[in-house]
Structures are given as structure tokens and as C-alpha cells.
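*Asks:* Okay, handing you the structure first.
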Amino acid sequence: MTLPLSWIQEEIENLRASGLYNSIRTLSSPQGAWLIVDGKKVLNFCSNNYLGLANHPKVVQAAQLAMEKYGVGPAAVRTIAGTMDLHVELERRLAAFKGVEAVITFQSGFNANLATIPALVGKEDVIFSDELNHASIIDGCRLSGAKIVRYSHCDPQDLQRALAEERRNYRRALVVTDGVFSMDGDIAPLDQIYEITKNHKAILMVDDAHGEGVLGRGGRGIVDHYDLHGKVDIEVGTLSKAFGVVGGVVAGNSLVVEWLRQRGRPFLFSSAMTVPDTAACLASLEILENSTELVDRLWENTQYFKAEMRRAGFDLGRSVTPITPVMLGDASLAQEFSRHLFEEGVFAMAIGYPTVPRGKARIRVMISATHQKEDLERGMEIFARVGKRLGVI
Ligand SMILES: *Cc1c(COP(=O)(O)O)cnc(C)c1O
């Protein structure tokens with residue numbers, strides 16, 4: 001049998017055999033500390049809903065009210081007739097919140113990277129990219145046609161070496177890094193990266209998807225965390241994680257934002273965020289503008305959970321953020337661990353290759369401000385029980 005697509009069946013069987021097949025669970029409840037998944041009530045250790053805004057009453061209400069006034073869809077790409085005053089207000093308020101010159105929004109963080117990188121560099125240029133950068137950065141780099149030089153993960157010395165060797169052979173240079181690395185929960189040394197980048201006259205871009213609403217004063221992000229205001233050219237963010245909705249953000253230099261309105265392909269050729277998305281993001285932003293309570297609670301929960309998990313004997317890798325990888329190594333073990341957790345009422349997914357390197361499979365626990373202390377205690381109890389049963393601790 002040589003049907004043109006039969007290779008897919010073989011590939012899928014290989015994935016299953018090596019514990020790398022993605023099984024997707026279906027939720028029938030809102031995102032919160034507890035979920036209904038496949039008909040079962042489970043503790044949520046999976047979502048990027050860091051602050052609980054995905055189901056916050058004020059956010060839901062803002063979306064409802066906006067739909068009464070504006071309807072649902074933007075009905076066109078933004079340059080034609082798809083920009084509403086809601087989009088403009090969101091961009092203006094985000095810029096003020098983050099303390100930057102200007103902001104432009106996209107349909108997603110993934111699109112923000114696909115828009116930005118090819119708009120800044122092309123075939124005559126070079127990109128220096130952290131080896132563990134997010135897939136959307138990698139794809140944006142490839143789309144640009146620029147030469148891509150990978151430097152060792154979070155290693156300013158290696159970046160310095162690569163710039164010294166390669167920079168002079170190209171017209172423009174871009175240094176790009178994740179802010180918070182989504183699989184390990186470590187933070188890029190952006191202060192050192194900034195100094196090196198400046199010395200080599202390169203553009204600096206950071207993708208702060210997991211830092212937006214998490215790092216910095218009241219969740220203002222990684223640039224605020226390092227107090228690098230005005231020094232980082234481009235800060236990409238997402239509205240789908242801590243903000244609890246959906247959407248992408250590019251914040252920073254006003255020339256870059258103006259250029260993206262002219263040359264960002266997902267901006268020019270794909271319709272804008274919908275009305276309820278945009279209004280909900282504005283409501284999330286207002287909650288962050290008014291109080292640091294949720295961000296503070298997120299960090300308290302994080303500190304507590306991680307200290308207790310380490311005490312129980314789990315290896316949490318190099319995380320310094322609410323992203324808590326429980327390192328297991330073998331992909332099949334990670335899947336089995338996740339299955340046992342689910343049976344005991346904890347929803348935490350196994351993550352393996354290609355999302356993380358081979359042999360570095362893990363369960364990734366996402367802590368949120370919505371978890372009560374009892375929820376975290378219960379989760380840890382079950383982790384310890386399964387860990388002992390499977391010989392991990
Ligand atoms: C999640 C993530 C994205 C994608 O964001 P979406 O808004 O969900 O498309 C981009 N970059 C990084 C580093 C991320 O973690």
C-alpha cells in the first residue's frame with residue numbers, strides 16, 4: 001500500500017511507541033483552580049492563566065458590554081476597516097502601563113513574532129537567537145531569510161563571542177531571546193544581553209510572553225523587572241497567558257511600532273482581535289493597573305509550592321518563576337506520571353520532545369493566583385504519592 005499519505009500512520013505509531021503522542025484533554029468548565037476534564041473534577045496545574053483573569057467576572061462583563069455596543073467581529077484587517085476605538089485604547093493604555101513609547105497589538109503572541117522579525121531583518125542581515133527560544137521566534141527568524149546564529153542558552157559570554165565573530169559580515173543584526181523560558185521557568189539575563197547588544201550595534205528584542213503580568217512591578221514585565229526602560233527596542237508579549245484572553249503585543253520604540261503598521265504581515269493580512277477579546281484585555285489591564293494583589297498572590301503561591309516540592313525531593317530544574325518543571329527525563333515515565341496524577345485528580349501534562357530536548361521530559365506545573373493553600377497542599381500530597389509509587393523520589 002503506497003497511498004501518498006500512508007507515511008503519516010507510521011509516524012503516528014512511532015510517536016505513540018516513544019511516549020511522544022499528544023493526547024488532548026477536553027475541558028467542560030471555565031479555567032480556574034479546578035476544572036471538569038473528560039467529565040472528572042481535577043486540580044488545574046496546566047494553564048497559563050497565572051492571575052485567574054480568564055474567568056474573572058469583571059473581564060467577562062466587559063466582553064459582554066462591548067459586544068452589545070460593537071457586535072463581535074472586526075470584519076476586516078486593521079488597515080482596511082478593522083481598527084475600532086477599542087483597539088486604539090488598548091494599545092494606548094498598554095503603552096502607558098508598560099512605560100514605553102508605543103504598542104501595537106496582534107491576534108496572538110505567535111503572530112507578533114512572525115510579524116516583527118521579518119519586518120526588521122532580511123537576507124543581508126543576521127539574527128543571534130538563544131538556542132531554547134520559543135517556536136514562534138524560530139519560525140519568525142526563518143521567515144525573515146536572515147542568517148541565524150544560535151548562542152548557548154542564557155549565556156552572555158557565548159552571545160558576545162558570536163557577535164564578535166559574525167556581526168561585521170552583515171548589514172543589520174538582531175539579538176532575540178525569550179524573557180522567561182516557558183519549559184524551564186528561568187529568566188534571560190537581559191541586563192547583560194543589553195550591554196553586549198548595544199556594544200555591537202544590534203537591535204534587541206525580548207519575547208516576554210510568560211513575564212507579562214508576572215514579572216516586574218505589578219506584572220509590568222521583564223523590562224521593568226531589570227529596570228531597562230527605554231533600552232530594549234522591542235518587547236513582545238501575549239494577552240493569552242496572565243491577561244487571560246488572547247492577543248499579541250509589541251511594545252517599545254515608536255518607530256518600530258509605526259513600521260509594523262506598514263510592514264507586519266499578520267497585521268496587514270489577517271483580521272484584528274475580536275471585540276470581546278479586546279474589551280476583555282482592557283478589563284484585565286485595568287485590574288493590573290489598580291492593584292498588585294493578584295501578582296503578589298501568584299508569587300506567594302509559587303514560593304510556597306516550590307519550596308515544599310523541593311523538600312519532598314523533586315528536581316525542579318532551574319526555574320525561578322511560577323513555571324515549575326518536575327524533571328523526570330524519560331518521556332514514557334513522564335506520560336505515565338501524568339496519567340497517575342490524573343487518576344488521583346491532578347491535571348498536569350507531560351512534556352517531551354520536540355517541545356523539550358530528548359531525555360529531558362517533565363511534568364510542567366503551572367502555579368496560579370487562583371490556587372488556595374489547600375489546593376497546593378492537596379496537589380503536593382498527590383505528587384508525592386505518585387512520585388514514590390513510580391520510584392522518582
Ligand atoms: C506562549 C508563547 C507565545 C505564543 O503566544 P500566543 O499568544 O499564545 O500565540 C510566544 N512566545 C512565547 C515565548 C510563548 O511562551
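Just so we're on the same page: first chain in the C-alpha cells is A, next is B, and so on; residues restart at 1 for each chain, and ligands are numbered from 1 in the order they show up.
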Around ligand 1, at most 8 Å away and counting only C-alpha atoms and all ligand atoms, which residues are there? Put them as a PyMOL selection string, please.

*Replies:* chain A and resi 107-113+133-137+178-182+207-210+236-241+246-248

*Asks:* Give me, as a list of chain:residue names, all polymer residues having an atom no more than 10 Å from Val72 of chain A, counting only C-alpha atoms and skipping those fewer than 3 positions away in the same chain.

*Replies:*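 What passes the distance filter is A:Ala63, A:Gln64, A:Ala66, A:Met67, A:Glu68, A:Lys69, A:Ala75, A:Met273, A:Thr274, A:Val275, A:Pro276, A:Asp277.
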
*Asks:* Neighbours of Val88 of chain A within 10 Å (only C-alpha atoms; same-chain residues fewer than 5 positions away dropped), as a list in words?

*Replies:*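 Non-adjacent residues within range: Thr83, Arg93, Leu94, Val103, Ile104, Thr105 and Thr278 of chain A.
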
*Asks:* Please produce an output containing all heavy atoms for each residue in the selection, written as a compact mmCIF listing (two decimals), in the first residue's frame.

*Replies:*
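And here is the file that came out, out02.txt:
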# COMPACT_ATOMS: atom_id res chain seq x y z
N THR A 83 -9.96 48.45 12.47
CA THR A 83 -9.49 49.06 13.72
C THR A 83 -10.63 49.81 14.37
O THR A 83 -11.21 50.72 13.77
CB THR A 83 -8.31 50.03 13.45
OG1 THR A 83 -7.22 49.28 12.93
CG2 THR A 83 -7.86 50.72 14.73
N ARG A 93 -3.33 52.32 26.35
CA ARG A 93 -3.26 52.01 27.80
C ARG A 93 -2.14 51.01 28.10
O ARG A 93 -1.50 51.09 29.14
CB ARG A 93 -4.61 51.45 28.28
CG ARG A 93 -5.74 52.48 28.17
CD ARG A 93 -6.23 52.99 29.52
NE ARG A 93 -6.59 51.96 30.45
CZ ARG A 93 -7.82 51.49 30.63
NH1 ARG A 93 -8.82 51.95 29.91
NH2 ARG A 93 -8.06 50.56 31.54
N LEU A 94 -1.91 50.06 27.18
CA LEU A 94 -0.80 49.11 27.39
C LEU A 94 0.54 49.85 27.37
O LEU A 94 1.43 49.57 28.17
CB LEU A 94 -0.80 48.03 26.30
CG LEU A 94 -1.73 46.84 26.51
CD1 LEU A 94 -1.81 46.01 25.22
CD2 LEU A 94 -1.29 45.96 27.67
N VAL A 103 2.71 50.90 21.47
CA VAL A 103 2.33 49.48 21.45
C VAL A 103 1.50 49.21 20.19
O VAL A 103 0.71 50.05 19.77
CB VAL A 103 1.50 49.12 22.71
CG1 VAL A 103 0.67 47.86 22.50
CG2 VAL A 103 2.42 48.93 23.92
N ILE A 104 1.70 48.03 19.61
CA ILE A 104 0.81 47.55 18.55
C ILE A 104 0.36 46.15 18.96
O ILE A 104 1.16 45.38 19.52
CB ILE A 104 1.50 47.55 17.17
CG1 ILE A 104 0.57 47.00 16.07
CG2 ILE A 104 2.82 46.81 17.17
CD1 ILE A 104 1.12 47.19 14.65
N THR A 105 -0.92 45.84 18.72
CA THR A 105 -1.42 44.51 19.09
C THR A 105 -1.60 43.64 17.85
O THR A 105 -1.80 44.14 16.74
CB THR A 105 -2.76 44.59 19.85
OG1 THR A 105 -3.69 45.31 19.04
CG2 THR A 105 -2.60 45.26 21.19
N THR A 278 -10.82 42.18 22.79
CA THR A 278 -10.18 43.48 23.03
C THR A 278 -10.72 44.11 24.31
O THR A 278 -9.97 44.62 25.14
CB THR A 278 -10.42 44.40 21.81
OG1 THR A 278 -10.14 43.65 20.63
CG2 THR A 278 -9.53 45.61 21.85

*Asks:* For a quick check of understanding, using only C-alpha atoms, which of A:Arg318, A:Arg362, A:Lys147, A:His229 has the smallest distance to Leu333 of chain A?

*Replies:*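 Using only C-alpha atoms, the shortest distance to Leu333 of chain A belongs to A:Arg362.
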
*Asks:* Counting only C-alpha atoms, which residue out of A:Arg78, A:Arg172, A:Arg364, A:Lys198 sits closest to Ala348 of chain A?

*Replies:* A:Arg364

*Asks:* I need the alpha helix (DSSP H) residues of segment 27-225 of chain A per DSSP on the backbone, written as a ChimeraX atom specification.

*Replies:* /A:57-70,85-98,109-120,135-144,156-166,190-199,222-225

*Asks:* Of the candidates A:Ser284, A:Glu10, A:Ala146, A:Thr79, which shows the shortest atom-to-atom distance to Phe267 of chain A, using only C-alpha atoms?

*Replies:* A:Thr79

*Asks:* With only C-alpha atoms as the basis for distance, which of A:Asp125, A:Asp184, A:Glu131, A:Glu91 is at the shortest distance from Asn169 of chain A?

*Replies:*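 Among the listed residues, A:Asp125 lies closest to Asn169 of chain A.
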
*Asks:* Find the spatial neighbours of Arg220 of chain A, counting only C-alpha atoms, within a cut-off of 9 Å - ignore same-chain residues fewer than 5 positions away - and output them as a list in words.

*Replies:* Phe97, Lys98, Gly99, Gly211, Glu212, Gly213, Val214, Leu215, His225 and Leu288 of chain A

*Asks:* Excluding Asp315 of chain A and residues on its chain fewer than 4 positions from it, collect all residues at most 9 Å away from it, counting only C-alpha atoms, and give them as a VMD selection string.

*Replies:* chain A and resid 309 to 310 325 to 328

*Asks:* Generate a file of the selected residues that holds N, CA, C and O atoms, formatted as a short mmCIF file (atom, residue, chain, number, x, y, z; two decimals), in the first residue's frame.

*Replies:*
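Saved to out.cif:
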data_model
loop_
_atom_site.label_atom_id
_atom_site.label_comp_id
_atom_site.auth_asym_id
_atom_site.auth_seq_id
_atom_site.Cartn_x
_atom_site.Cartn_y
_atom_site.Cartn_z
N MET A 309 7.86 21.29 47.25
CA MET A 309 8.15 20.24 46.28
C MET A 309 9.64 19.86 46.34
O MET A 309 10.00 18.69 46.24
N ARG A 310 10.50 20.86 46.52
CA ARG A 310 11.94 20.57 46.63
C ARG A 310 12.19 19.78 47.91
O ARG A 310 12.97 18.83 47.91
N PRO A 325 8.85 23.03 36.38
CA PRO A 325 9.05 21.73 35.74
C PRO A 325 9.45 20.69 36.77
O PRO A 325 10.33 20.94 37.60
N VAL A 326 8.77 19.55 36.75
CA VAL A 326 9.17 18.44 37.62
C VAL A 326 9.92 17.47 36.71
O VAL A 326 9.32 16.77 35.89
N MET A 327 11.24 17.49 36.82
CA MET A 327 12.09 16.81 35.84
C MET A 327 12.04 15.30 36.04
O MET A 327 12.25 14.80 37.16
N LEU A 328 11.75 14.57 34.94
CA LEU A 328 11.66 13.11 35.02
C LEU A 328 12.58 12.41 34.03
O LEU A 328 12.96 11.27 34.24
#

*Asks:* Leaving out Leu53 of chain A and any residue of its chain fewer than 4 positions from it, which residues lie within 8 Å of it when counting only C-alpha atoms, given as a PDB file with all heavy atoms, in the first residue's frame?

*Replies:*
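Dumped to out_20.pdb:
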ATOM      1  N   ASN A  49      -3.039  30.663  32.894  1.00  0.00           N
ATOM      2  CA  ASN A  49      -3.963  31.666  33.433  1.00  0.00           C
ATOM      3  C   ASN A  49      -3.442  32.092  34.810  1.00  0.00           C
ATOM      4  O   ASN A  49      -4.069  31.889  35.839  1.00  0.00           O
ATOM      5  CB  ASN A  49      -5.341  30.996  33.507  1.00  0.00           C
ATOM      6  CG  ASN A  49      -6.432  31.870  34.028  1.00  0.00           C
ATOM      7  OD1 ASN A  49      -6.381  33.094  33.930  1.00  0.00           O
ATOM      8  ND2 ASN A  49      -7.447  31.241  34.603  1.00  0.00           N
ATOM      9  N   VAL A  59     -13.856  40.820  33.810  1.00  0.00           N
ATOM     10  CA  VAL A  59     -13.367  40.628  32.442  1.00  0.00           C
ATOM     11  C   VAL A  59     -14.504  40.096  31.561  1.00  0.00           C
ATOM     12  O   VAL A  59     -14.727  40.572  30.446  1.00  0.00           O
ATOM     13  CB  VAL A  59     -12.142  39.680  32.449  1.00  0.00           C
ATOM     14  CG1 VAL A  59     -11.664  39.390  31.037  1.00  0.00           C
ATOM     15  CG2 VAL A  59     -11.008  40.286  33.296  1.00  0.00           C
ATOM     16  N   ALA A 242      -1.090  35.526  31.329  1.00  0.00           N
ATOM     17  CA  ALA A 242      -1.564  36.191  32.546  1.00  0.00           C
ATOM     18  C   ALA A 242      -2.788  37.078  32.281  1.00  0.00           C
ATOM     19  O   ALA A 242      -3.650  37.216  33.144  1.00  0.00           O
ATOM     20  CB  ALA A 242      -0.443  37.001  33.169  1.00  0.00           C
ATOM     21  N   PHE A 243      -2.877  37.676  31.104  1.00  0.00           N
ATOM     22  CA  PHE A 243      -4.020  38.542  30.813  1.00  0.00           C
ATOM     23  C   PHE A 243      -5.321  37.751  30.632  1.00  0.00           C
ATOM     24  O   PHE A 243      -6.410  38.326  30.646  1.00  0.00           O
ATOM     25  CB  PHE A 243      -3.752  39.422  29.581  1.00  0.00           C
ATOM     26  CG  PHE A 243      -3.028  40.702  29.907  1.00  0.00           C
ATOM     27  CD1 PHE A 243      -1.697  40.671  30.302  1.00  0.00           C
ATOM     28  CD2 PHE A 243      -3.666  41.922  29.859  1.00  0.00           C
ATOM     29  CE1 PHE A 243      -1.022  41.846  30.628  1.00  0.00           C
ATOM     30  CE2 PHE A 243      -3.009  43.103  30.185  1.00  0.00           C
ATOM     31  CZ  PHE A 243      -1.686  43.063  30.566  1.00  0.00           C
ATOM     32  N   GLY A 244      -5.196  36.448  30.408  1.00  0.00           N
ATOM     33  CA  GLY A 244      -6.366  35.577  30.435  1.00  0.00           C
ATOM     34  C   GLY A 244      -7.253  35.626  29.203  1.00  0.00           C
ATOM     35  O   GLY A 244      -8.365  35.096  29.229  1.00  0.00           O
ATOM     36  N   VAL A 245      -6.809  36.259  28.121  1.00  0.00           N
ATOM     37  CA  VAL A 245      -7.707  36.387  26.962  1.00  0.00           C
ATOM     38  C   VAL A 245      -6.982  35.798  25.747  1.00  0.00           C
ATOM     39  O   VAL A 245      -6.669  34.608  25.728  1.00  0.00           O
ATOM     40  CB  VAL A 245      -8.142  37.858  26.746  1.00  0.00           C
ATOM     41  CG1 VAL A 245      -9.275  37.945  25.745  1.00  0.00           C
ATOM     42  CG2 VAL A 245      -8.584  38.487  28.074  1.00  0.00           C
ATOM     43  N   SER A 284      -8.762  43.304  31.904  1.00  0.00           N
ATOM     44  CA  SER A 284      -7.634  42.675  32.607  1.00  0.00           C
ATOM     45  C   SER A 284      -6.579  43.722  32.941  1.00  0.00           C
ATOM     46  O   SER A 284      -6.028  43.753  34.047  1.00  0.00           O
ATOM     47  CB  SER A 284      -6.992  41.585  31.736  1.00  0.00           C
ATOM     48  OG  SER A 284      -7.870  40.496  31.584  1.00  0.00           O
TER      49      SER A 284
END

*Asks:* Which polymer residues have any atom within 8 Å of an atom of Val100 of chain A, counting only C-alpha atoms, with same-chain residues fewer than 5 positions away left out, as a PyMOL selection string?

*Replies:* chain A and resi 95+229-230+251-253

*Asks:* So, counting only C-alpha atoms, which residue among A:Leu65, A:Leu228, A:Ala119, A:Ala162 is closest to Glu258 of chain A?

*Replies:*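 Closest residue, counting only C-alpha atoms: A:Ala119.
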
*Asks:* Taking the backbone alone, and naming residues the way the document does, which bits of segment 144-191 of chain A are strand (DSSP E) by DSSP, as a list in words?

*Replies:* Lys147, Ile148, Val149, Arg150, Tyr151, Ala173, Leu174, Val175, Val176, Thr177 and Asp178 of chain A

*Asks:* Restricting the output to C-alpha atoms, write the selected residues as a short mmCIF file (atom, residue, chain, number, x, y, z; two decimals), in the first residue's frame.

*Replies:*
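Full text of out_21.cif as output:
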data_model
loop_
_atom_site.label_atom_id
_atom_site.label_comp_id
_atom_site.auth_asym_id
_atom_site.auth_seq_id
_atom_site.Cartn_x
_atom_site.Cartn_y
_atom_site.Cartn_z
CA LYS A 147 21.37 34.25 8.70
CA ILE A 148 20.53 32.63 12.08
CA VAL A 149 23.27 32.18 14.67
CA ARG A 150 22.22 30.27 17.79
CA TYR A 151 24.03 31.08 21.01
CA ALA A 173 21.84 42.50 13.43
CA LEU A 174 19.05 41.41 15.77
CA VAL A 175 19.52 39.77 19.15
CA VAL A 176 16.39 37.90 20.25
CA THR A 177 15.59 35.96 23.39
CA ASP A 178 12.65 34.66 25.37
#
